[in-house]
>>> print(open('target01.txt').read())   # compact mmCIF, C-alpha atoms
# COMPACT_ATOMS: atom_id res chain seq x y z
CA TYR A 1 34.40 -5.56 0.38
CA HIS A 2 33.65 -9.12 1.34
CA SER A 3 31.17 -10.69 -1.05
CA ILE A 4 29.43 -13.98 -1.69
CA ARG A 5 27.38 -15.13 -4.64
CA LEU A 6 25.21 -18.13 -3.87
CA GLU A 7 23.53 -20.60 -6.16
CA TRP A 8 20.21 -22.02 -5.00
CA HIS A 9 20.08 -25.76 -4.46
CA GLY A 10 19.73 -27.57 -7.74
CA ILE A 11 21.36 -24.75 -9.69
CA GLY A 12 24.86 -24.76 -11.16
CA ASP A 13 27.27 -26.66 -8.90
CA SER A 14 24.88 -26.81 -5.93
CA THR A 15 23.48 -30.16 -4.82
CA GLY A 16 19.78 -30.93 -4.54
CA ALA A 17 17.00 -30.37 -7.05
CA VAL A 18 14.39 -27.73 -7.84
CA ASP A 19 11.15 -28.77 -9.53
CA GLU A 20 9.79 -25.24 -9.81
CA TYR A 21 10.25 -21.88 -8.14
CA ILE A 22 7.20 -20.95 -6.05
CA MET A 23 7.38 -17.28 -5.21
CA GLU A 24 5.82 -17.41 -1.74
CA GLU A 25 8.18 -20.23 -0.72
CA PRO A 26 11.60 -18.51 -0.79
CA PHE A 27 14.78 -20.40 0.09
CA LEU A 28 15.37 -18.66 3.41
CA ASP A 29 17.77 -21.24 4.87
CA GLU A 30 20.21 -20.64 2.04
CA ALA A 31 19.94 -16.85 2.34
CA PHE A 32 20.53 -16.99 6.09
CA GLY A 33 23.44 -19.38 5.54
CA ALA A 34 25.11 -16.85 3.24
CA ALA A 35 24.60 -14.12 5.83
CA ARG A 36 26.14 -16.29 8.57
CA LEU A 37 29.19 -16.89 6.38
CA LEU A 38 29.69 -13.15 5.92
CA ARG A 39 29.30 -12.49 9.66
CA ALA A 40 31.91 -15.16 10.35
CA GLU A 41 34.30 -13.08 8.21
CA GLY A 42 33.69 -10.06 10.44
CA VAL A 43 31.13 -8.30 8.23
CA GLU A 44 28.93 -5.98 10.30
CA ARG A 45 26.66 -4.54 7.59
CA ILE A 46 25.11 -6.75 4.92
CA VAL A 47 23.87 -5.59 1.53
CA VAL A 48 21.74 -7.96 -0.56
CA TYR A 49 21.35 -7.95 -4.33
CA GLY A 50 18.65 -10.21 -5.71
CA GLU A 51 16.97 -10.85 -9.05
CA CYS A 52 13.53 -12.41 -9.63
CA PHE A 53 13.23 -15.31 -7.12
CA GLY A 54 16.33 -14.01 -5.36
CA ALA A 55 14.66 -10.62 -4.96
CA ARG A 56 11.60 -12.24 -3.38
CA THR A 57 13.82 -14.27 -1.03
CA ALA A 58 15.66 -11.11 0.00
CA VAL A 59 12.44 -9.24 0.82
CA VAL A 60 11.25 -12.05 3.10
CA ALA A 61 14.66 -12.77 4.67
CA ALA A 62 15.17 -9.10 5.51
CA GLU A 63 12.86 -9.29 8.53
CA GLN A 64 15.33 -11.56 10.32
CA MET A 65 18.48 -9.65 9.32
CA PRO A 66 19.10 -6.85 11.85
CA ASP A 67 22.43 -6.02 10.21
CA LEU A 68 20.88 -5.42 6.77
CA ALA A 69 22.12 -2.15 5.28
CA ALA A 70 20.50 -2.04 1.82
CA LEU A 71 18.62 -4.06 -0.80
CA TYR A 72 18.96 -3.87 -4.58
CA LEU A 73 16.11 -5.83 -6.17
CA VAL A 74 15.90 -6.52 -9.90
CA THR A 75 12.60 -7.75 -11.38
CA LEU A 76 10.90 -8.38 -8.03
CA VAL A 77 7.90 -10.59 -8.88
CA LEU A 78 4.74 -9.13 -7.34
CA ARG A 79 2.59 -12.25 -7.73
CA ASP A 80 2.57 -15.44 -5.68
CA GLY A 81 2.50 -18.92 -7.12
CA ALA A 82 4.83 -20.94 -9.30
CA VAL A 83 6.60 -19.43 -12.26
CA SER A 84 4.33 -21.45 -14.56
CA ASP A 85 1.29 -19.90 -12.82
CA GLN A 86 2.17 -16.33 -13.75
CA ASN A 87 0.42 -16.25 -17.14
CA PRO A 88 -2.75 -18.04 -15.89
CA GLN A 89 -2.84 -15.44 -13.10
CA ARG A 90 -2.84 -12.62 -15.61
CA LEU A 91 -5.64 -14.32 -17.49
CA VAL A 92 -7.95 -14.63 -14.48
CA SER A 93 -7.11 -11.17 -13.13
CA GLU A 94 -8.59 -9.64 -16.28
CA LEU A 95 -11.71 -11.83 -16.26
CA PRO A 96 -14.72 -10.92 -14.05
CA THR A 97 -15.87 -13.76 -11.80
CA SER A 98 -19.22 -14.09 -13.59
CA GLU A 99 -17.51 -14.48 -16.97
CA PHE A 100 -15.00 -16.89 -15.45
CA VAL A 101 -17.79 -19.15 -14.13
CA LYS A 102 -19.55 -19.01 -17.51
CA ARG A 103 -16.39 -20.16 -19.29
CA LEU A 104 -15.88 -23.04 -16.88
CA GLY A 105 -18.89 -24.68 -18.47
CA LYS A 106 -17.18 -24.65 -21.86
CA LEU A 107 -13.94 -26.42 -20.97
CA ARG A 108 -12.75 -28.80 -23.65
CA HIS A 109 -10.24 -31.61 -24.05
CA LEU A 110 -10.33 -32.56 -20.38
CA GLY A 111 -8.80 -35.90 -21.30
CA ASP A 112 -5.52 -34.15 -22.13
CA PRO A 113 -3.26 -34.09 -19.01
CA LYS A 114 -1.68 -30.79 -20.07
CA ARG A 115 -5.08 -29.18 -20.47
CA ARG A 116 -6.17 -30.48 -17.05
CA ARG A 117 -3.07 -29.00 -15.42
CA LEU A 118 -3.68 -25.67 -17.13
CA TYR A 119 -7.34 -25.58 -16.08
CA ALA A 120 -6.41 -26.52 -12.51
CA SER A 121 -3.87 -23.69 -12.43
CA ILE A 122 -6.43 -21.19 -13.71
CA VAL A 123 -9.06 -22.25 -11.14
CA ARG A 124 -6.50 -22.20 -8.32
CA ASN A 125 -5.41 -18.68 -9.21
CA LYS A 126 -8.98 -17.41 -9.53
CA VAL A 127 -9.78 -18.66 -6.03
CA ARG A 128 -6.63 -16.98 -4.73
CA HIS A 129 -7.61 -13.69 -6.35
CA VAL A 130 -11.14 -13.76 -4.93
CA VAL A 131 -9.90 -14.47 -1.39
CA GLN A 132 -7.10 -11.92 -1.55
CA GLY A 133 -9.37 -9.30 -3.09
CA ALA A 134 -11.88 -9.70 -0.24
CA ARG A 135 -9.06 -9.36 2.29
CA TYR A 136 -7.70 -6.19 0.70
CA ARG A 137 -11.17 -4.64 0.49
CA HIS A 138 -11.76 -5.42 4.17
CA GLU A 139 -8.54 -3.58 5.00
CA GLY A 140 -9.57 -0.60 2.89
CA THR A 141 -6.75 -0.90 0.37
CA ARG A 142 -7.13 -0.48 -3.39
CA LEU A 143 -4.41 -2.97 -4.23
CA ALA A 144 -5.15 -5.42 -7.03
CA PRO A 145 -5.92 -8.86 -5.56
CA TRP A 146 -3.02 -10.49 -7.39
CA VAL A 147 -0.42 -8.44 -5.53
CA SER A 148 1.38 -10.69 -3.06
CA ARG A 149 0.77 -9.96 0.60
CA GLN A 150 4.26 -11.26 1.22
CA VAL A 151 5.74 -8.51 -0.95
CA VAL A 152 3.58 -5.78 0.55
CA ASP A 153 4.38 -6.76 4.15
CA GLY A 154 8.07 -7.28 3.41
CA LEU A 155 8.54 -3.89 1.78
CA GLU A 156 6.43 -2.27 4.50
CA GLY A 157 8.77 -3.63 7.16
CA LEU A 158 11.82 -2.40 5.25
CA GLY A 159 10.24 1.04 4.89
CA ARG A 160 9.53 1.30 8.61
CA ARG A 161 13.15 0.39 9.35
CA GLY A 162 14.42 2.97 6.89
CA ILE A 163 16.42 0.38 4.92
CA PRO A 164 17.37 1.76 1.48
CA VAL A 165 15.66 -0.31 -1.23
CA ARG A 166 16.00 0.12 -4.99
CA LEU A 167 13.55 -1.73 -7.24
CA VAL A 168 14.66 -2.05 -10.86
CA TYR A 169 12.68 -3.32 -13.86
CA GLY A 170 13.56 -3.44 -17.54
CA THR A 171 11.50 -2.29 -20.48
CA SER A 172 11.67 -5.61 -22.30
CA TYR A 173 8.53 -6.19 -24.32
CA TRP A 174 8.35 -9.78 -23.04
CA ASP A 175 8.97 -9.05 -19.34
CA PRO A 176 5.47 -8.76 -17.83
CA HIS A 177 6.75 -8.08 -14.30
CA LYS A 178 7.56 -4.50 -15.26
CA PHE A 179 3.99 -4.00 -16.45
CA ASP A 180 2.71 -5.54 -13.19
CA PHE A 181 4.74 -3.04 -11.19
CA GLU A 182 3.66 -0.05 -13.23
CA GLU A 183 0.01 -1.06 -12.84
CA VAL A 184 0.06 -1.05 -9.04
CA ALA A 185 2.98 1.23 -8.07
CA ASP A 186 0.67 4.08 -7.04
CA GLN A 187 -1.22 1.77 -4.66
CA LEU A 188 1.86 0.12 -3.09
CA ARG A 189 2.00 1.81 0.30
CA PRO A 190 5.67 0.91 0.89
CA MET A 191 6.62 3.07 -2.09
CA ARG A 192 5.67 6.09 -0.01
CA TYR A 193 8.63 5.55 2.31
CA PRO A 194 11.56 7.80 1.32
CA SER A 195 13.97 4.89 1.66
CA ILE A 196 12.24 2.87 -1.12
CA ASP A 197 12.36 3.88 -4.75
CA ALA A 198 12.13 2.33 -8.21
CA GLU A 199 13.75 2.71 -11.59
CA ILE A 200 12.66 1.51 -15.02
CA VAL A 201 15.73 0.84 -17.15
CA ASP A 202 15.53 1.06 -20.92
CA GLU A 203 17.09 -2.37 -21.32
CA MET A 204 16.03 -6.03 -21.45
CA ILE A 205 17.60 -6.73 -18.04
CA ALA A 206 15.67 -9.83 -16.93
CA GLY A 207 18.16 -12.69 -16.77
CA TYR A 208 21.08 -10.43 -17.82
CA ARG A 209 20.78 -11.74 -21.36
CA THR A 210 23.67 -9.76 -22.85
CA LEU A 211 27.11 -8.55 -21.84
CA HIS A 212 25.94 -5.04 -22.70
CA VAL A 213 23.25 -5.23 -20.01
CA GLN A 214 25.70 -6.61 -17.47
CA ASP A 215 28.19 -3.84 -18.26
CA ARG A 216 25.48 -1.25 -17.72
CA LEU A 217 23.90 -2.77 -14.62
CA VAL A 218 27.04 -3.40 -12.57
CA PRO A 219 28.07 0.30 -12.38
CA MET A 220 24.47 1.27 -11.64
CA VAL A 221 24.44 -1.03 -8.62
CA GLY A 222 27.84 0.14 -7.43
CA ASP A 223 27.02 3.84 -7.73
CA TRP A 224 23.73 3.42 -5.86
CA LEU A 225 25.36 1.44 -3.05
CA ASP A 226 28.16 4.02 -2.73
CA GLU A 227 25.53 6.73 -2.36
CA VAL A 228 23.19 5.07 0.11
CA LEU A 229 25.89 3.48 2.27
CA ALA A 230 27.76 6.78 2.55
CA ALA A 231 24.53 8.49 3.56
CA ARG A 232 23.79 5.83 6.20
CA ALA A 233 27.32 6.04 7.54
CA GLY A 234 26.98 9.80 7.88
CA SER A 235 23.62 9.42 9.60
CA ASP A 236 25.01 6.82 12.05
CA ALA A 237 27.98 9.06 12.86
CA ALA A 238 25.66 12.02 13.52
>>> encode(input="target01.txt", output="structure tokens")
Amino acid sequence: YHSIRLEWHGIGDSTGAVDEYIMEEPFLDEAFGAARLLRAEGVERIVVYGECFGARTAVVAAEQMPDLAALYLVTLVLRDGAVSDQNPQRLVSELPTSEFVKRLGKLRHLGDPKRRRLYASIVRNKVRHVVQGARYRHEGTRLAPWVSRQVVDGLEGLGRRGIPVRLVYGTSYWDPHKFDFEEVADQLRPMRYPSIDAEIVDEMIAGYRTLHVQDRLVPMVGDWLDEVLAARAGSDAA
């Protein structure tokens, strides 16, 4: 198999700089550049493996990849916003709007720049939740307001196309993205497509922290790809 592993700009040996990863602003140009390189080598079916920000980029890029054959997504982040916004989001999602407004009147240490940035992040995320929640209610969905529309629409498009998608999360006690997924999995409409499934692995897989996790994950990915690509090849031949 041809393969390419890319580093985002500002990472490793790549040029450029990254101040912070913002989930709803994926690096599509780099993903499409990698796909063009594979096509130039004669590749006709492209499989994408992505983790965290890479998984989000893959979900969004998929819409413009007609030759996409499968997606393997590890720790797909379901929330929008910067990485540093994730914990403030969880805080406001658990706080009713009335209680949130009441607490705004008790803010302290506003002269501290770090405190001001934290408070601004909390307010920004609360506004986002209120707007998104109203939108979801208008559409008749029960999705939590913090679930990214980008993720929902991206997975929905993949489901309609019948692209095999495997979502994988680890059981790490410090990885909140797994808990996010478990909370809303029943309401995620794309999960009802037979081509999309999920697996919770009894490992701390986020970031591939240990060689043990890498040794376990690599065969899992290979076995799944062998299975789904063989099935698609048989379906295409039929």
>>> atom_distance(input="target01.txt", atom1="atom CA of A:Ala17", atom2="atom CA of A:Ser84")
17.2 Å
>>> closest_residue(input="target01.txt", among="A:Val151, A:Val213, A:Leu143, A:Val123", to="A:Ala58", atoms="all atoms listed in the file")
A:Val151
>>> closest_residue(input="target01.txt", among="A:Val130, A:Arg232, A:Phe181, A:Glu139", to="A:Gly162", atoms="all atoms listed in the file")
A:Arg232
>>> closest_residue(input="target01.txt", among="A:Cys52, A:Ile11, A:Leu76, A:Ala70", to="A:Arg161", atoms="only C-alpha atoms")
A:Ala70
>>> closest_residue(input="target01.txt", among="A:Val60, A:Val43, A:Arg5, A:Leu38", to="A:Asp153", atoms="all atoms listed in the file")
A:Val60
>>> residues_around(input="target01.txt", residues="stretch 165-167 of chain A", least_positions_apart="5", cutoff="8 Å", atoms="only C-alpha atoms", output="VMD selection string")
chain A and resid 70 to 76 158 195 to 199
>>> closest_atom_pairs(input="target01.txt", of="stretch 128-208 of chain A", to="stretch 79-82 of chain A", cutoff="7 Å", atoms="all atoms listed in the file", output="CSV")
residue,atom,partner,partner_atom,distance
A:Trp146,CA,A:Arg79,CA,5.9
A:Val147,CA,A:Arg79,CA,5.3
A:Ser148,CA,A:Arg79,CA,5.1
>>> atom_distance(input="target01.txt", atom1="atom CA of A:Phe179", atom2="atom CA of A:Tyr119")
24.4 Å
>>> closest_residue(input="target01.txt", among="A:Ala55, A:Ile163, A:Val127, A:Ala69", to="A:Pro190", atoms="only C-alpha atoms")
A:Ile163
